[in-house]
$ cat entry-v1.csv   # CSV, C-alpha atoms
chain,number,residue,atom,x,y,z
A,11,MET,CA,2.4,-6.4,14.9
A,12,THR,CA,5.7,-6.2,16.7
A,13,ASP,CA,7.4,-7.1,13.4
A,14,ARG,CA,5.7,-4.2,11.6
A,15,ILE,CA,6.5,-1.8,14.4
A,16,ASP,CA,10.1,-3.0,14.3
A,17,ALA,CA,10.2,-2.5,10.6
A,18,PHE,CA,8.8,1.0,10.9
A,19,ALA,CA,11.4,1.9,13.5
A,20,ARG,CA,14.2,0.5,11.4
A,21,ARG,CA,13.0,2.7,8.5
A,22,LEU,CA,13.4,5.7,10.8
A,23,ARG,CA,16.9,4.9,12.2
A,24,ARG,CA,18.4,7.7,10.1
A,25,ASP,CA,15.8,10.2,11.0
A,26,PRO,CA,17.1,12.4,13.9
A,27,TYR,CA,13.5,13.1,15.0
A,28,PHE,CA,13.2,9.6,16.3
A,29,LEU,CA,14.9,7.8,19.2
A,30,ALA,CA,15.6,5.0,16.7
A,31,SER,CA,18.4,7.1,15.3
A,32,ALA,CA,20.1,7.5,18.7
A,33,LEU,CA,19.7,3.8,19.5
A,34,GLU,CA,21.2,3.0,16.1
A,35,ASP,CA,24.3,5.2,16.7
A,36,TYR,CA,24.7,3.8,20.2
A,37,ALA,CA,24.4,0.2,19.2
A,38,GLY,CA,26.9,0.8,16.3
A,39,SER,CA,29.4,2.5,18.5
A,40,GLU,CA,29.2,-0.3,21.1
A,41,GLY,CA,29.2,-3.1,18.5
A,42,LEU,CA,25.8,-4.3,19.8
A,43,ASP,CA,23.1,-6.2,17.9
A,44,GLY,CA,19.4,-5.8,18.9
A,45,SER,CA,19.7,-8.3,21.7
A,46,GLY,CA,22.8,-6.7,23.1
A,47,LEU,CA,21.1,-3.3,22.9
A,48,ALA,CA,18.1,-4.6,24.7
A,49,VAL,CA,20.3,-6.0,27.5
A,50,GLU,CA,22.1,-2.7,27.8
A,51,LEU,CA,18.9,-0.8,28.1
A,52,GLY,CA,17.2,-3.3,30.3
A,53,CYS,CA,14.2,-4.1,28.1
A,54,GLY,CA,13.0,-6.9,25.9
A,55,VAL,CA,14.2,-7.0,22.3
A,56,ASP,CA,10.6,-6.9,21.2
A,57,GLU,CA,10.3,-3.5,22.8
A,58,LEU,CA,13.1,-1.9,20.8
A,59,GLY,CA,10.8,-1.0,17.9
A,60,GLN,CA,8.3,0.8,20.1
A,61,LEU,CA,11.1,2.5,21.9
A,62,GLY,CA,12.7,3.6,18.7
A,63,LEU,CA,9.4,5.3,17.6
A,64,CYS,CA,9.5,7.7,20.5
A,65,ARG,CA,10.6,11.2,19.7
A,66,ARG,CA,14.3,11.7,20.4
A,67,PRO,CA,14.7,13.7,23.6
A,68,ARG,CA,15.1,17.5,23.1
A,69,SER,CA,18.6,18.8,23.6
A,70,ASP,CA,18.1,21.5,26.1
A,71,PRO,CA,19.1,20.1,29.6
A,72,GLU,CA,15.7,20.5,31.3
A,73,SER,CA,13.7,19.0,28.4
A,74,PHE,CA,16.3,16.3,27.9
A,75,ALA,CA,16.0,15.1,31.4
A,76,ASP,CA,12.2,15.3,31.3
A,77,ASP,CA,12.0,13.4,28.0
A,78,VAL,CA,14.5,10.7,29.0
A,79,ARG,CA,12.6,10.2,32.3
A,80,ARG,CA,9.3,10.0,30.5
A,81,ILE,CA,10.5,7.5,27.9
A,82,ALA,CA,12.5,5.4,30.5
A,83,GLY,CA,9.5,5.3,32.8
A,84,ARG,CA,7.1,4.2,30.1
A,85,PHE,CA,9.3,1.4,28.8
A,86,ALA,CA,11.0,0.5,32.1
A,87,VAL,CA,14.5,1.0,30.7
A,88,SER,CA,17.5,2.4,32.4
A,89,GLU,CA,17.2,6.1,32.5
A,90,ASP,CA,21.0,6.5,32.8
A,91,ARG,CA,21.7,4.2,29.9
A,92,LEU,CA,19.1,5.8,27.7
A,93,ALA,CA,20.5,9.2,28.4
A,94,GLU,CA,24.0,7.9,27.7
A,95,ALA,CA,22.8,6.5,24.4
A,96,VAL,CA,21.3,9.7,23.3
A,97,ARG,CA,24.3,11.8,24.4
A,98,ARG,CA,26.7,9.4,22.5
A,99,SER,CA,24.6,9.8,19.4
A,100,ASP,CA,24.6,13.6,19.8
A,101,ALA,CA,28.4,13.4,20.0
A,102,LEU,CA,28.7,11.2,17.0
A,103,THR,CA,26.4,13.4,15.0
A,104,ALA,CA,28.5,16.5,15.9
A,105,LEU,CA,31.6,14.6,14.9
A,106,ARG,CA,30.1,13.6,11.6
A,107,GLU,CA,29.1,17.1,10.9
A,108,ALA,CA,32.6,18.4,11.8
A,109,GLU,CA,34.1,15.8,9.5
A,110,SER,CA,31.7,16.8,6.8
A,111,GLN,CA,32.7,20.5,7.2
A,112,ASP,CA,36.4,19.5,7.1
A,113,VAL,CA,35.8,17.6,3.8
A,114,ILE,CA,34.0,20.6,2.3
A,115,ALA,CA,36.7,23.0,3.5
A,116,ALA,CA,39.5,20.7,2.1
A,117,ALA,CA,37.7,20.5,-1.2
A,118,ARG,CA,37.3,24.3,-1.3
A,119,ASP,CA,41.0,24.7,-0.5
A,120,ARG,CA,42.0,22.3,-3.3
A,121,ILE,CA,39.8,24.1,-5.8
A,122,THR,CA,41.4,27.4,-4.8
A,123,LEU,CA,44.9,26.1,-5.1
A,124,ASP,CA,44.4,24.1,-8.3
A,125,GLY,CA,41.9,26.3,-10.0
A,126,PRO,CA,38.5,25.0,-11.2
A,127,PRO,CA,38.3,21.5,-12.6
A,128,ASP,CA,38.7,21.1,-16.4
A,129,GLY,CA,35.7,22.3,-18.3
A,130,ASP,CA,34.5,24.4,-15.3
A,131,GLU,CA,36.6,27.4,-15.9
A,132,LEU,CA,34.9,30.6,-15.2
A,133,PRO,CA,34.4,33.0,-18.1
B,8,MET,CA,-19.7,-12.7,4.4
B,9,THR,CA,-17.7,-11.8,7.5
B,10,GLN,CA,-17.0,-8.1,7.8
B,11,GLU,CA,-13.4,-7.6,8.8
B,12,VAL,CA,-13.1,-5.2,11.8
B,13,PHE,CA,-10.3,-2.7,11.8
B,14,ALA,CA,-9.6,-1.9,15.4
B,15,PHE,CA,-9.0,1.8,15.1
B,16,PRO,CA,-9.0,3.8,18.3
B,17,SER,CA,-12.1,5.7,19.2
B,18,GLN,CA,-12.2,9.4,18.5
B,19,ASP,CA,-11.7,10.1,22.2
B,20,GLU,CA,-8.6,8.0,22.3
B,21,ALA,CA,-7.5,9.6,19.0
B,22,LEU,CA,-7.9,13.0,20.5
B,23,ALA,CA,-5.8,12.0,23.5
B,24,LEU,CA,-3.1,10.6,21.2
B,25,HIS,CA,-3.1,13.6,19.0
B,26,GLY,CA,-3.0,15.8,22.1
B,27,GLY,CA,0.2,14.0,23.2
B,28,LEU,CA,1.8,14.8,19.9
B,29,LEU,CA,0.9,18.4,20.1
B,30,GLU,CA,2.2,18.7,23.6
B,31,GLY,CA,5.5,17.2,22.6
B,32,ASP,CA,5.2,14.0,24.7
B,33,PRO,CA,8.2,12.0,23.5
B,34,VAL,CA,6.3,8.7,23.9
B,35,ALA,CA,3.3,9.9,21.8
B,36,PRO,CA,4.7,9.1,18.4
B,37,SER,CA,5.2,5.5,19.5
B,38,ASP,CA,1.7,5.3,20.9
B,39,VAL,CA,0.2,6.7,17.7
B,40,ALA,CA,2.2,4.3,15.5
B,41,ILE,CA,1.2,1.3,17.6
B,42,ALA,CA,-2.5,2.4,17.6
B,43,TYR,CA,-2.8,3.1,13.9
B,44,LEU,CA,-0.2,1.2,11.8
B,45,ASP,CA,-1.9,-2.2,11.8
B,46,PRO,CA,-5.5,-1.1,11.3
B,47,LEU,CA,-4.6,1.5,8.7
B,48,ALA,CA,-2.5,-0.9,6.7
B,49,ARG,CA,-5.1,-3.7,6.9
B,50,TRP,CA,-7.8,-1.4,5.9
B,51,LEU,CA,-5.7,-0.2,2.9
B,52,ALA,CA,-4.9,-3.8,1.9
B,53,ARG,CA,-8.5,-4.7,1.9
B,54,LEU,CA,-9.4,-1.7,-0.2
B,55,ASN,CA,-6.6,-2.6,-2.6
B,56,PRO,CA,-6.6,-6.4,-2.8
B,57,ARG,CA,-4.3,-6.5,-5.8
B,58,VAL,CA,-1.6,-4.5,-4.1
B,59,ASP,CA,1.3,-6.1,-2.2
B,60,PRO,CA,0.4,-5.7,1.5
B,61,SER,CA,3.9,-4.5,2.2
B,62,GLU,CA,3.2,-1.5,0.0
B,63,CYS,CA,0.1,-0.9,2.1
B,64,TYR,CA,2.2,-0.9,5.2
B,65,THR,CA,4.6,1.6,3.7
B,66,ALA,CA,1.8,3.9,2.7
B,67,ALA,CA,0.3,3.6,6.2
B,68,GLU,CA,3.7,4.4,7.7
B,69,ASP,CA,4.0,7.4,5.4
B,70,ALA,CA,0.6,8.7,6.5
B,71,ILE,CA,1.4,8.2,10.2
B,72,LEU,CA,4.9,9.6,9.8
B,73,SER,CA,3.5,12.8,8.4
B,74,LEU,CA,1.2,13.1,11.3
B,75,LEU,CA,3.9,12.4,13.8
B,76,THR,CA,6.3,15.1,12.5
B,77,HIS,CA,3.5,17.6,11.7
B,78,PRO,CA,0.7,17.0,14.2
B,79,GLU,CA,-0.7,20.4,13.6
B,80,SER,CA,-1.7,19.4,10.1
B,81,TYR,CA,-4.6,17.5,11.6
B,82,ASN,CA,-7.5,19.7,12.7
B,83,SER,CA,-9.7,17.7,15.0
B,84,ALA,CA,-12.7,19.9,14.2
B,85,GLY,CA,-12.6,18.8,10.6
B,86,MET,CA,-12.9,15.1,10.7
B,87,PRO,CA,-12.1,12.1,12.9
B,88,LEU,CA,-8.4,11.2,13.1
B,89,GLU,CA,-9.1,7.8,11.7
B,90,ALA,CA,-10.7,9.3,8.6
B,91,TYR,CA,-7.8,11.8,8.2
B,92,LEU,CA,-5.3,9.0,8.3
B,93,ARG,CA,-7.3,6.8,5.9
B,94,MET,CA,-7.4,9.6,3.4
B,95,ALA,CA,-3.7,10.3,3.8
B,96,ALA,CA,-2.7,6.7,3.5
B,97,LYS,CA,-4.9,6.1,0.5
B,98,ARG,CA,-3.3,9.1,-1.2
B,99,ASP,CA,0.2,8.0,-0.2
B,100,LEU,CA,-0.4,4.5,-1.7
B,101,GLN,CA,-1.8,5.9,-4.9
B,102,ASN,CA,1.1,8.3,-5.3
B,103,ALA,CA,3.6,5.5,-4.6
B,104,ARG,CA,1.8,3.3,-7.2
B,105,ARG,CA,1.8,6.1,-9.8
B,106,SER,CA,5.5,6.8,-9.1
B,107,GLN,CA,6.3,3.1,-9.4
B,108,GLY,CA,4.3,3.0,-12.7
B,109,ARG,CA,6.4,5.8,-14.1
B,110,HIS,CA,9.7,4.1,-13.1
B,111,ALA,CA,8.7,0.6,-14.2
B,112,GLY,CA,7.5,1.9,-17.6
B,113,ARG,CA,7.1,-0.9,-20.1
B,114,ARG,CA,8.3,-3.5,-17.6
B,115,ALA,CA,5.1,-3.3,-15.6
B,116,ASP,CA,2.7,-6.2,-15.8
B,117,TRP,CA,-0.7,-5.6,-17.3
B,118,GLY,CA,-2.4,-6.0,-13.9
B,119,ALA,CA,-0.3,-3.3,-12.4
B,120,VAL,CA,-0.8,-1.1,-15.4
B,121,GLU,CA,-4.6,-1.4,-15.1
B,122,LEU,CA,-4.5,-0.7,-11.4
B,123,SER,CA,-2.1,2.2,-11.7
B,124,ALA,CA,-4.2,3.8,-14.5
B,125,SER,CA,-7.3,3.4,-12.5
B,126,MET,CA,-5.7,4.9,-9.5
B,127,GLY,CA,-4.1,7.7,-11.4
B,128,LYS,CA,-7.5,8.6,-12.8
B,129,HIS,CA,-9.0,8.9,-9.4
B,130,LEU,CA,-6.2,10.0,-7.1
B,131,MET,CA,-8.9,11.3,-4.7
B,132,ASP,CA,-10.7,8.1,-5.0
B,133,VAL,CA,-13.5,9.1,-2.8
B,134,ASP,CA,-16.0,8.6,-5.5
B,135,SER,CA,-15.6,4.9,-5.1
B,136,ASP,CA,-16.7,5.3,-1.5
B,137,PRO,CA,-20.1,7.0,-1.2
B,138,ALA,CA,-19.9,6.8,2.6
B,139,ARG,CA,-16.7,8.8,2.4
B,140,ILE,CA,-18.2,11.4,0.2
B,141,LEU,CA,-21.1,11.7,2.6
B,142,GLU,CA,-18.7,12.0,5.5
B,143,LEU,CA,-16.7,14.8,3.8
B,144,GLN,CA,-19.9,16.5,2.7
B,145,GLU,CA,-21.2,16.5,6.3
B,146,MET,CA,-18.0,18.1,7.4
B,147,ILE,CA,-18.2,20.7,4.8
B,148,GLU,CA,-21.8,21.5,5.7
B,149,GLU,CA,-20.7,21.8,9.4
B,150,ILE,CA,-18.0,24.2,8.4
B,151,VAL,CA,-20.5,26.3,6.4
B,152,ARG,CA,-22.9,26.3,9.3
B,153,LYS,CA,-20.2,27.5,11.7
B,154,ARG,CA,-19.2,30.4,9.5
B,155,PRO,CA,-22.1,32.9,9.4
B,156,ARG,CA,-19.9,36.0,9.1
B,157,ILE,CA,-19.7,36.0,5.3
B,158,PRO,CA,-21.8,39.0,4.0
B,159,ALA,CA,-24.7,38.2,1.7
B,160,ALA,CA,-23.2,40.3,-1.0
B,161,ALA,CA,-20.2,37.9,-1.3
B,162,LEU,CA,-22.6,35.0,-1.7
B,163,ALA,CA,-24.8,36.5,-4.3
B,164,GLY,CA,-25.2,34.5,-7.5
B,165,LEU,CA,-23.0,31.6,-6.3
B,166,ALA,CA,-23.9,28.0,-6.9
B,167,PRO,CA,-24.3,25.9,-3.7
B,168,GLY,CA,-20.9,24.2,-4.3
B,169,GLU,CA,-19.2,27.6,-4.7
B,170,VAL,CA,-20.8,28.8,-1.4
B,171,GLN,CA,-19.2,25.9,0.3
B,172,VAL,CA,-15.8,26.7,-1.4
B,173,LEU,CA,-16.1,30.2,-0.2
B,174,SER,CA,-16.6,29.1,3.4
B,175,LEU,CA,-13.8,26.6,3.2
B,176,VAL,CA,-11.5,29.3,1.9
B,177,GLU,CA,-12.6,31.7,4.6
B,178,CYS,CA,-11.8,29.2,7.3
B,179,GLY,CA,-8.4,28.4,5.8
B,180,GLU,CA,-9.2,24.8,4.6
B,181,ARG,CA,-6.2,23.5,2.7
B,182,ARG,CA,-7.2,20.0,1.6
B,183,THR,CA,-8.0,19.8,-2.0
B,184,GLU,CA,-10.2,16.8,-1.4
B,185,MET,CA,-12.6,18.9,0.6
B,186,TYR,CA,-12.9,21.4,-2.3
B,187,ALA,CA,-13.2,18.6,-4.8
B,188,VAL,CA,-16.1,17.2,-2.9
B,189,ALA,CA,-17.7,20.6,-2.4
B,190,LEU,CA,-17.5,21.1,-6.2
B,191,GLY,CA,-18.6,17.6,-7.0
B,192,ILE,CA,-15.6,16.9,-9.2
B,193,THR,CA,-14.0,13.9,-7.5
B,194,HIS,CA,-14.6,11.9,-10.6
B,195,LEU,CA,-12.2,14.0,-12.6
B,196,PRO,CA,-8.5,13.2,-13.0
B,197,LEU,CA,-6.3,14.6,-10.2
B,198,GLU,CA,-4.7,17.3,-12.2
B,199,GLN,CA,-8.0,18.5,-13.5
B,200,GLN,CA,-9.4,18.5,-9.9
B,201,ARG,CA,-6.4,20.6,-8.8
B,202,VAL,CA,-6.8,23.1,-11.6
B,203,GLU,CA,-10.5,23.4,-11.1
B,204,VAL,CA,-10.2,23.8,-7.3
B,205,LYS,CA,-7.5,26.4,-7.7
B,206,ARG,CA,-9.6,28.3,-10.2
B,207,VAL,CA,-12.6,28.4,-8.0
B,208,LYS,CA,-10.6,29.1,-4.9
B,209,ASP,CA,-8.9,32.1,-6.5
B,210,ARG,CA,-12.3,33.5,-7.6
B,211,MET,CA,-13.7,33.1,-4.1
B,212,LYS,CA,-10.6,34.8,-2.6
B,213,VAL,CA,-11.3,37.8,-4.8
B,214,ARG,CA,-14.9,37.8,-3.6
B,215,LEU,CA,-13.9,37.6,0.0
B,216,LYS,CA,-11.4,40.4,-0.4
B,217,ARG,CA,-14.0,42.7,-2.1
B,218,ALA,CA,-16.4,42.0,0.7
B,219,GLY,CA,-13.7,43.0,3.2
B,220,VAL,CA,-13.5,39.5,4.8
B,221,SER,CA,-10.0,38.4,5.8
B,222,HIS,CA,-9.4,34.7,5.4
B,223,ASP,CA,-6.9,32.4,7.2

$ encode --input "entry-v1.csv" --output "structure tokens"
Amino acid sequence: MTDRIDAFARRLRRDPYFLASALEDYAGSEGLDGSGLAVELGCGVDELGQLGLCRRPRSDPESFADDVRRIAGRFAVSEDRLAEAVRRSDALTALREAESQDVIAAARDRITLDGPPDGDELP
Amino acid sequence: MTQEVFAFPSQDEALALHGGLLEGDPVAPSDVAIAYLDPLARWLARLNPRVDPSECYTAAEDAILSLLTHPESYNSAGMPLEAYLRMAAKRDLQNARRSQGRHAGRRADWGAVELSASMGKHLMDVDSDPARILELQEMIEEIVRKRPRIPAAALAGLAPGEVQVLSLVECGERRTEMYAVALGITHLPLEQQRVEVKRVKDRMKVRLKRAGVSHD
């Protein structure tokens, strides 16, 4: 059963609705594998799947604190570390979005400077 | 022969789990997944013994995922959560198999082709499950009983199945399966079911409008 839950959580690690996405970001940024992440959070590695299937804490400060407290209390993980993991993931997401916007802007600038690519000329 | 028991939560437990989702409890999605994934996938695997169990798990995940992200899509007055998830998982598996069949094309083995064709024909495969039809029919009758405000003029000349469709439309029911059962057309191919359901629903909407009844 744990394997199936783990597999389900792994499937959702890119879905920002789920905590799995935040844990994935955090583990990636810290260079942690599953065991390392479990140690950081203070839980068993077999609990990571269940933890990942929780809804990601809402971003407004009051709800964030409530949600983190609720999840941490339920899984007996470090509240501070869990909050840090989610905040880190939020920051990484913002960074990725900014980079993505930069890439789009750069591409737009290039099209403006160079004209449309061959075969795409406007009538 | 031993009957395999699928340890689904009771409906009371289900309502508590669903309530957690609706209230935004961040732990509720995990609780729901833990409670339903295994029994749902096992039930699906038993229903489809020729399908790879991992596909059954994926379909069960799909059904659960849909509930987790859209908990309002389940109306507890309509049917037990277990039945709702079974229906959704069954449909997700069938759709996945059909999609696979399309992609695999001529490479598909004969067994898979046979299975896919059979599933495609009966996407709403309730007609292979008389208990399920009965269950849905009971739910429909309950809805009809609870909706006494339809004027007699709107009901005049309708067949019993159409009366049920009228009530379902009036209460905002969206599940095609319910309409298919009400009309007794679950044996038809999916597309035909959809077309027929839409045709009758549209007709019933006009009737309701003429009778001055607003529907959800």

$ closest_residue --input "entry-v1.csv" --among "B:Ala52, B:Gly179, B:Tyr43, B:Glu79" --to "Glu20 in chain B" --atoms "only C-alpha atoms"
B:Tyr43

$ residues_around --input "entry-v1.csv" --residues "Arg181 in chain B" --least-positions-apart "4" --cutoff "12 Å" --atoms "only C-alpha atoms" --output "PyMOL selection string"
chain B and resi 80-82+85+172+174-177+185-187+201+204-205+208+222-223

$ atom_distance --input "entry-v1.csv" --atom1 "CA of Ala21 in chain B" --atom2 "CA of Leu92 in chain B"
10.9 Å

$ atom_distance --input "entry-v1.csv" --atom1 "CA of Pro67 in chain A" --atom2 "CA of Ala32 in chain A"
9.6 Å

$ interface_residues --input "entry-v1.csv" --of "chain B" --to "chain A" --cutoff "7 Å" --atoms "all atoms listed in the file" --output "JSON, numbers by chain"
{"B": [33, 34, 35, 36, 37, 41, 45, 68]}

$ atom_distance --input "entry-v1.csv" --atom1 "CA of Val49 in chain A" --atom2 "CA of Arg98 in chain A"
17.4 Å

$ closest_residue --input "entry-v1.csv" --among "A:Gly52, A:Gly41, A:Arg23, A:Tyr36" --to "Ser88 in chain A" --atoms "only C-alpha atoms"
A:Gly52

$ residues_around --input "entry-v1.csv" --residues "Val39 in chain B" --least-positions-apart "5" --cutoff "9 Å" --atoms "all atoms listed in the file" --output "ChimeraX atom specification"
/B:21,24-25,28,34,44,71,75

$ residues_around --input "entry-v1.csv" --residues "Val213 in chain B" --least-positions-apart "4" --cutoff "12 Å" --atoms "only C-alpha atoms" --output "ChimeraX atom specification"
/B:161,173,176-177,206-209,217-222

$ closest_residue --input "entry-v1.csv" --among "A:Ser110, A:Asp25, A:Cys53, A:Glu34" --to "Val87 in chain A" --atoms "only C-alpha atoms"
A:Cys53

$ closest_residue --input "entry-v1.csv" --among "A:Ala48, A:Val96, A:Val55, A:Ala104" --to "Ser31 in chain A" --atoms "all atoms listed in the file"
A:Val96
